[in-house]
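Heads up, the thing below is written out as structure tokens.
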Amino acid sequence: MPRQINPFPKSPPPNLSTPKPPMPAAFLALPRELRDLIYDEVLISPTGYVTPSPIPISSKASKISFRRSRFTILMTTLTHDNVRPTESPNGNVMVTISINRVCRQVYNETRHVFWRKNIFYFQTPLALTTTVKDMGQISSRLIQRITLSFSISDAKIKSLAKAFRLLASRSRYGAFQTLELNIARKEFIAIQACRMSSQTEKVGLYDELLEALREGGREGRFKKELKVEPLLKEWRAGGTSSLDWGTARELHCAWGGRMFVGGELEWVDYMHCGRSYGASEKSTAGASGVQPPGQIAQLAY
């Protein structure tokens with residue numbers, strides 16, 4: 001008699017000791033809110049500031065004349081007198097935008113995150129003009145906010161005017177919106193020394209700085225901010241006749257916009273809105289052409 005074959009063989013008992021591997025999670029299946037949190041974690045610097053740093057190109061690649069410079073994006077933190085790279089909690093000092101290349105949907109969701117939510121910092125006007133030109137028209141026109149430091153010297157003041165003209169074109173034909181000038185304490189002292197000097201060369205240097213600020217303020221269609229670190233912490237004690245107050249006021253009258261002295265808002269569009277200085281301010285407010293504080297507090301924005 002022929003042997004019958006069971007068409008339904010018994011399956012071996014499952015091995016309960018080894019758990020099944022988890023199902024792979026699809027990133028695009030996550031809610032948009034969670035994806036946005038991941039995008040912010042990857043594309044936004046924890047310090048809020050980024051600095052483009054050129055990557056050296058190999059000798060073989062450098063033979064291609066039309067090749068654009070490549071950059072790493074370093075996270076930076078601002079202090080009163082200098083700027084230094086700072087490490088993030090995970091030890092990484094670079095911000096990468098490679099996530100934009102994953103797919104078309106991720107690109108559409110992230111293409112504006114990096115440029116809108118980071119502030120680009122440049123230590124000199126020359127570094128700004130060189131880097132922006134090396135980045136090319138497409139990338140540089142996506143920058144929206146820039147913080148720029150500078151010092152009072154003949155060469156750097158000339159490059160400051162060039163930087164203003166370049167940013168004016170980016171505001172007309174690109175997305176650039178806000179320029180913040182940052183004057184450290186040691187540079188503010190040097191500006192004060194030129195302002196009060198009896199040497200014609202130094203006084204001319206100070207006048208050239210004011211003219212560059214006036215020209216940049218007139219040409220730019222962007223928001224302007226000026227932050228100054230005064231010599232003395234209690235610089236208000238000297239009243240409106242102090243050296244810090246006079247120098248800061250002249251810089252603001254040349255630049256316009258908003259001005260912060262020692263971290264506090266002092267002037268908005270050529271009008272004073274800071275804290276009171278006491279009796280000395282009341283006696284000199286009319287002569288200086290600056291309105292007494294408290295009357296225009298609603299203009300602060």
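FYI, nothing fancy with the structure tokens labels: chains A, B, ... in order, residues from 1 per chain, ligands from 1 as they appear.
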
Inset, instruction - Would you mind listing what lies within 12 Å of Ile38 (chain A) as a PyMOL selection string, with only C-alpha atoms counted and same-chain residues fewer than 6 positions away left out? - result: chain A and resi 27-28+30-32+44+99+106+109-110+113

Export of prior selection with N, CA, C and O atoms as a PDB file, in the first residue's frame:
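The new file again.pdb reads:
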```
ATOM      1  N   PHE A  27      10.505  57.119   8.550  1.00  0.00           N
ATOM      2  CA  PHE A  27      10.640  58.495   9.030  1.00  0.00           C
ATOM      3  C   PHE A  27       9.504  59.368   8.514  1.00  0.00           C
ATOM      4  O   PHE A  27       8.931  60.171   9.258  1.00  0.00           O
ATOM      5  N   LEU A  28       9.164  59.223   7.257  1.00  0.00           N
ATOM      6  CA  LEU A  28       8.119  60.057   6.677  1.00  0.00           C
ATOM      7  C   LEU A  28       6.733  59.675   7.177  1.00  0.00           C
ATOM      8  O   LEU A  28       5.769  60.410   6.922  1.00  0.00           O
ATOM      9  N   LEU A  30       6.113  59.492  10.360  1.00  0.00           N
ATOM     10  CA  LEU A  30       5.943  60.227  11.611  1.00  0.00           C
ATOM     11  C   LEU A  30       5.094  61.470  11.371  1.00  0.00           C
ATOM     12  O   LEU A  30       5.064  62.011  10.265  1.00  0.00           O
ATOM     13  N   PRO A  31       4.415  61.961  12.389  1.00  0.00           N
ATOM     14  CA  PRO A  31       3.670  63.221  12.235  1.00  0.00           C
ATOM     15  C   PRO A  31       4.608  64.375  11.879  1.00  0.00           C
ATOM     16  O   PRO A  31       5.791  64.372  12.241  1.00  0.00           O
ATOM     17  N   ARG A  32       4.082  65.343  11.165  1.00  0.00           N
ATOM     18  CA  ARG A  32       4.902  66.474  10.726  1.00  0.00           C
ATOM     19  C   ARG A  32       5.502  67.223  11.908  1.00  0.00           C
ATOM     20  O   ARG A  32       6.623  67.733  11.836  1.00  0.00           O
ATOM     21  N   ILE A  44      19.615  73.462  13.357  1.00  0.00           N
ATOM     22  CA  ILE A  44      19.733  74.711  14.116  1.00  0.00           C
ATOM     23  C   ILE A  44      20.856  74.580  15.126  1.00  0.00           C
ATOM     24  O   ILE A  44      20.925  73.615  15.890  1.00  0.00           O
ATOM     25  N   ILE A  99      20.883  66.613   5.325  1.00  0.00           N
ATOM     26  CA  ILE A  99      19.564  66.001   5.382  1.00  0.00           C
ATOM     27  C   ILE A  99      18.685  66.483   4.241  1.00  0.00           C
ATOM     28  O   ILE A  99      17.714  65.825   3.859  1.00  0.00           O
ATOM     29  N   VAL A 106      11.653  65.649   1.982  1.00  0.00           N
ATOM     30  CA  VAL A 106      12.468  66.192   3.070  1.00  0.00           C
ATOM     31  C   VAL A 106      13.101  67.512   2.654  1.00  0.00           C
ATOM     32  O   VAL A 106      13.197  68.454   3.450  1.00  0.00           O
ATOM     33  N   GLU A 109      10.581  70.242   2.996  1.00  0.00           N
ATOM     34  CA  GLU A 109      10.251  70.549   4.384  1.00  0.00           C
ATOM     35  C   GLU A 109      11.384  71.240   5.130  1.00  0.00           C
ATOM     36  O   GLU A 109      11.135  71.896   6.144  1.00  0.00           O
ATOM     37  N   THR A 110      12.616  71.123   4.654  1.00  0.00           N
ATOM     38  CA  THR A 110      13.759  71.640   5.410  1.00  0.00           C
ATOM     39  C   THR A 110      14.548  72.728   4.687  1.00  0.00           C
ATOM     40  O   THR A 110      15.496  73.255   5.265  1.00  0.00           O
ATOM     41  N   VAL A 113      14.698  75.973   6.828  1.00  0.00           N
ATOM     42  CA  VAL A 113      14.899  75.915   8.278  1.00  0.00           C
ATOM     43  C   VAL A 113      16.269  76.455   8.662  1.00  0.00           C
ATOM     44  O   VAL A 113      16.398  77.314   9.547  1.00  0.00           O
TER      45      VAL A 113
END
```

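Within the 10 Å cut-off around Gln137 (chain A), using only C-alpha atoms and omitting residues fewer than 3 positions from it on the same chain, the listed residues are Val132, Lys133, Asp134, Ser140, Arg141, Leu142, Arg170, Tyr173 and Gly174 of chain A.
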
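The shortest atom-to-atom distance to His112 (chain A), with only C-alpha atoms taken into account, belongs to A:Leu43 out of A:Met135, A:Ile191, A:Leu43, A:Leu166.
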
Legend entry - Those of region 95-233 of chain A in DSSP alpha helix (DSSP H), formatted as JSON, numbers by chain: {"A": [104, 105, 106, 107, 108, 109, 110, 113, 114, 115, 116, 117, 125, 126, 127, 128, 129, 130, 131, 132, 133, 134, 135, 136, 137, 138, 139, 140, 154, 155, 156, 157, 158, 159, 160, 161, 162, 163, 164, 165, 166, 167, 168, 169, 170, 171, 172, 173, 185, 186, 187, 188, 189, 190, 191, 192, 193, 194, 195, 196, 200, 201, 202, 203, 204, 205, 206, 207, 208, 209, 210, 211, 212, 213, 214, 215, 216, 217, 218, 219]}

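Residue nearest Gln144 (chain A), chosen from A:Leu205, A:Ile97, A:Phe122, A:Phe222 and counting only C-alpha atoms: A:Phe222.
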
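For region 132-161 of chain A, backbone-based DSSP assignment of strand (DSSP E or B) covers Arg145, Ile146, Thr147, Leu148 and Ser149 of chain A.
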
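Interatomic distance, CA of Lys227 (chain A) against CA of Thr51 (chain A): 18.8 Å.
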
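Among the candidates A:Leu167, A:Ile143, A:Leu34, A:Val93, the one nearest to Pro125 (chain A) when counting only C-alpha atoms is A:Leu167.
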
Legend entry - Pick from A:Ala193, A:Ala29, A:Leu37, A:Val50 nearest to Ile146 (chain A), counting only C-alpha atoms: A:Val50

Inset, instruction - For Glu266 (chain A), work out the shell of residues within 10 Å, counting only C-alpha atoms and skipping chain neighbours fewer than 5 positions away, then give it as a ChimeraX atom specification. - result: /A:227,245,248-249,252,258-261,271-275,293,300

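Among the candidates A:Leu226, A:Ile138, A:Cys194, A:Leu243, the one nearest to Asp269 (chain A) when counting only C-alpha atoms is A:Leu226.
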
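Using only C-alpha atoms, the smallest distance between any of A:Thr47, A:Ala212, A:Tyr39, A:Leu251 and Asn100 (chain A) comes from A:Tyr39.
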
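Around Asn182 (chain A), within 8 Å and counting only C-alpha atoms, the residues found are Thr147, Leu148, Ser149, Phe150, Leu226, Lys227 and Val228 of chain A, once anything fewer than 5 positions away on its own chain is removed.
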